[in-house]
Amino acid sequence: MSASQTEAIATVASSVGGTVFVTQPAKAVESSFASFFPDANVLIDNNDPYSQIENVLASTKIVDTEENQEFLTVFSNGSTIFKNLPFLSSQYFKTSRVVTHAELVNFDYSIVSGLRDLSYPVLISQSAKEASNFSKAAYNLAARFNTSVFHFYAPSNYKSTETVKSKVSNVLLKDVNELDAEAIFAEFDIIPFQIVNTASRAKDSILFLGQVSDELIEAANKENALLISVKVYQPFQLKKLLSIIPSSVQTITLVQQSTSSSSFSPLLLDFFQDYSKYQTLKNFTKIVAATFGYIKADKFQSTIANLLSNVRSESPIQNLSFGKVNTELATKSSKQRVDDHAKAVASAYHLEQAYLKVLNQVNSSNLNILNEYSADSIGLESNPEFGFGSFLYDQEQQQHLIDVVYQAVQDNTFHTIDNANLIEYLSKWLVQVKDVGSVDNKLVEDIISLLKTDEQTTVARTLLSLSEYFKVNSNWLIGSDAWSYDLGSSGVHSLITSGKNINMLLIDSEPYQEKADGKAVNGNRKKDVGLYAMNYGNVYVASVAIYSSYTQVLQALIEAEKFNGPSIVLAYLPYNKETDNTLTILQETKKAVDTGYWPLYRYDPSIENEADSFKLDSSNLRKQLKAFLDRENKLTLLATKNPELSRNLTATANSEVKKQQQKIADESYAKLLQGLSGPPLTVAFASDGGNAEGIAKKVNRQALGRGLKSIVLSMDDLSIEDLPTETNIVFVVSTSGQGEFPTNGKQFWDGLKNATDLELSTIKYSVFGLGDSQYWPRKEDKHYYNKPAKDLDAKLKLYGGVELAELGLGDDQDADGFSTGFNEWIPKIWKALGVDNVEGVEEPKPITNEDMKIGSNFLRGTIAEALLDQSTGSISAVDQQLTKFHGIYMQDDRDIRDERKSQGFEPAYSFMVRVRLPGGIATPNQYLKMNELSDVRGNGTLKITTRATFQLHGVVKHNLKPAIRGMNASLMDTLAACGDVNRNVMVSALPHNAKVHSQISKIGSLISEHLLPNTTAYHEIWLSGDDESDKPGDKENWETRKEGPTKTKTLVAGNALADVEPLYGNTYLPRKFKIVITVPPFNDVDVYAHDIGLIAIVVDNEVVGFNLMAGGGMGSTHNNKKTYPRTGSMFGYVPKDKVHLACEKIMLVQRDFGDRTNRKHARLKYTIDDLTVEVFKGKVEDLLGFKFEPARDFKIESNIDYFGWCKDETGLNHFTAFIENGRIEDTAELPQKSGLKAIAEFLAGGRSGEFRLTGNQHIVISKIEDADLAHVKSLLAQYKLDNTDFSALRLSSSSCVAFPTCGLAMAESERYMPQLITKLESSLEEYGLRHDSVVMRMTGCPNGCARPWLAEVALVGKAYGAYNLLLGGGHHGERLNKIYRYSIKEDEILEILLPLFRRWSLEREDGEFFGDFCIRVGIIKPTTEGKYFHDDIPEDA
């Protein structure tokens, strides 16, 4: 078959094997060989790739035996080889089997001749068939001579019809070590110099080093000239050349194809090097050199004629050039690669802005990037070497200025309008520039202004000519992908040893995953720079990662600026391609930092105390190091002081090991005795949510009870190598994501499906799968149902496994869920094993949440004991449920879960801590405390929730108690922020009406306190006793607080003290319970979405009572039609003095009638639908002793926030700031966390003001007096908090946390939604919709934390990257939406939404909102009640 040169070369290289490298212009611009070698090590053309290969050769022993010939293959290009010539002289290349296949994309064969003095074999192929043969020869030459070999080729269709074998075997010759080069060439039909045309008794010959073509051959034939192609350039075998030239030939012209003209010809030098030795073989009358540039196909005839005309003349001219030279030659594909490279460089620069923006923040006035990138000139001026040279020149000029100023001050000959001040200013400038290293910009301006008034003296004119050097800049060099990226070891050395006040930001883009895959070669030199610089001394060094810690980056850059000397900041920015999004970069960064692959540290040698000069900022590494040092220091100190103790320590360690070994032996023996009575059974599970693991353990218990020798383990704990030794094995597999294996089964599955020689005919197996047949409703997605179980069953069958029982499938849609399928499958297993007639053990009753609450001793459980256990970062499953009542969720970082598992670590457990903040109001001091705790105890960010309170994330176990005590010290608590109780009471932010807001806030606090659990467990576990984290006054604050958690038990009968829960009892509520208050026309709390929604009725600015709705709720389960979101039902009006009692009685009816047997059916909404509204309402009225009045009139007009300033009726000012998705953090674009901290610090100083949180996840800087207004505004501007110029879509958006911390998340939400909105915004601008609000919400699962079911557009996570799209919600939050499309990805989301938005812009009626429009024109049908949510879904959904 015919094949391309690339395919031909790749086929040979694949057959040879070994390590493979490809070089390419950028990560996003793939080499043509990348598809053939997906696991190849990728190097960047401009990043000295051969230097990095040299490092690999230096650290890797290349095996050199006949049995195992290992090669290193490089796929590169001519220009890259040319730039790397200095590295190719290394001894490592001369003594290693490195074969380079270099494409001459620009047809510049002068690069080939550049290798002439390195003594490597150099081959040049012309066609695909030759490329195959020459590649084979190259590997044999490398094997025979144990050296590097270069094979060049240019993109060509020459002889494209020749057949090339698609498969190659036995590339290496059997007796290659006994052959010389000529014999190897002969084996592959390679002639060093080949006559490629036919000429009769030719007098002229042309030796051509370039790409042969049919047009060139035809032109030589017409001129009757002999055309000889160079096939083996090194060794240059002149004797072979002379021996093939006929006697009739009198002249020879040596032609080299090149993109540039030259005054000499390397080919001529090669020819004459041995010509005198072999001249007797052939004498020429004329020997001439020439160059061919770009020649069009139809111009070869005239070109050859002119070439020969010159040689035939009496005095030929040497080194003539023909065709276009000094121009870039390229094919269409190579031109495209150049364009792609330019785009990739621009993309890399865009990514690097994350660091450069911070650099600009640190020094906005004096920053001078010496090698500034610009899209117009990616070349010399953007190169770091150029920047360093420019810096040295500037330093010389500034030193010259210093000398002139010094002399001028001495002479004092100025004629300015104020000589005295000028001398004073110049003296100050000298002191600052010499001693401080920086100067005051105002001082520089004053000096220059005065000098301009002196028109007489030469010294003034001289100083003005050097005026640009009065200013002392902060000079930075950038080493990165966008700036041809590395200074190289010598450049770094020059900077470090210069002693100059210059800074370097060295950006490393190598992903951690490459290191994990064993391909970490790109960043080695850069990572060594930090250690090298610290060892050298007097250099500031920092290692930072902006997507791990913005604060640390900021600290490092500020410290580097202040350091008077060289500074190097190593900055991590990992990406696989320049087009990667920030989410991918963040995930890679977290893995690298967590594992210690990229440590975060700062080293400042100017700090005298050596212990303080190095700061390790990686929290995970710091914890591990502290534990190690504590252990080492204590034992080492003790052992040093007491030699006898040292011996005892050793003896104790040995005896402990023996005890452990004996314990294992005893356990193994006991297991052996236990299982002697029956056949063996292994039960392996892969489980994400716990169901599959639960079934596996159930099978194991039953197997043991029936006398089988049974063990249970996760699939990943099962070795593929040991699988054939199993006798009977049962697999229980759940379905994750889009038909994927759960995390603890992926490794096993990957090994099984990639196995090539597995024989399983000796084992008996069966598979049971768990899935949901309706989870993927679309026809094209149906195959995802139980896909892991089906795939596993098919693969085991393929390898010869014998079925114990046919594949069993559990379906969540069955009446009993997966139990239906399981109960059909499991008897077949017992029958196959011969134990079907043996009675199994009685299954223990599953522990339910109700059992946990009853046995918890009023929410204590074993939480206190778990906090003391520092052997793990987790707590028990029961305690995980109980801590929710204390406002705490255990989580782990899912970004690094798989990586930690692969390294044998437990998940990176941490806790989310939620504050109970009735009314969403925080004082400045309370805000400062939350900000402090987020930095000291959390992950450095604060989260505003969709229920107007604060959350801390990333709180590790040993920080839990200090964090909660810190909150309580500021009179905030976390009790009942989560759990089966009434949770945080949310109220409208209402910045424009002070009186009404004050009333509803008090009522919200009243309800919250009235319904607060009465247990003393919270105070006992978190607040009793002392803690080293306590500050003076902390304990007094919470002990003297009137509200909040109960501090003492109640005196009961018999004079005993006990916990009493008068409202809840010891079982609390069936599920969570939420209450909100709104004030029409606003609905920023989504009043329809909660268990109780209170709508304030206001008369003459007085709240007189509330319309009460009950039964709202958002949680549901994908494709489970028994679950659904619901809006509240109107119960009627209740006076404000009775509203807390009405809430209590509704909660009590739910307590008594809610479903405690099925948590998916336990919310108030289901209780009301089961009983009917009237029956439920009647029960509430019976408890109240009065009936609800008819609902009063009200009108809701919006459920969004209104940003910017407003003034209330008392004259106080309020500013609503946009906090995207509620995440308060510092970024290069928006340093909001620092800004809010600065505002809180200002307000805390005895001034006016407070903070209000909104249900849409934003923050109101509230109650600012006019006297403080100007300063608050200046702070808002300084930290970009006053920026509200966002699209209305973004301003109206909201999302839950989802990945990486939420254990329920199926897809991204908070981190992804801003990116999706960005992709929508440009089109919305085009449609004229930038300022038209569309309520859009996203959640990572169907539990509905961001209340997506009420949004006009909602995206609810189904699997990673896949979402259900819902349309038709009410703009005011009054109507549920409906599923429009199932399980769609980003491209489908954009394809659906953009045309709909465009249609809305063209067809909407006046004032018509998007959700209403979708219903009116028939895009989606309305959802009139929650129980009809699953009806009327489009057929093509």
# chains A, B, ... in the order shown; residues from 1 in each chain; ligands from 1

call {"tool": "select_by_dssp", "arguments": {"residues": "segment 450-588 of chain A", "states": "alpha helix (DSSP H)", "output": "PyMOL selection string"}}
result
chain A and resi 450-451+458-465+488-498+512-516+524-536+550-562+582-588

call {"tool": "closest_atom_pairs", "arguments": {"of": "segment 837-927 of chain A", "to": "segment 714-727 of chain A", "cutoff": "12 Å", "atoms": "only C-alpha atoms", "output": "CSV"}}
result
residue,atom,partner,partner_atom,distance
A:Asp898,CA,A:Asp716,CA,11.7
A:Lys901,CA,A:Asp716,CA,10.0
A:Ser902,CA,A:Asp716,CA,9.8
A:Gly904,CA,A:Asp717,CA,11.1
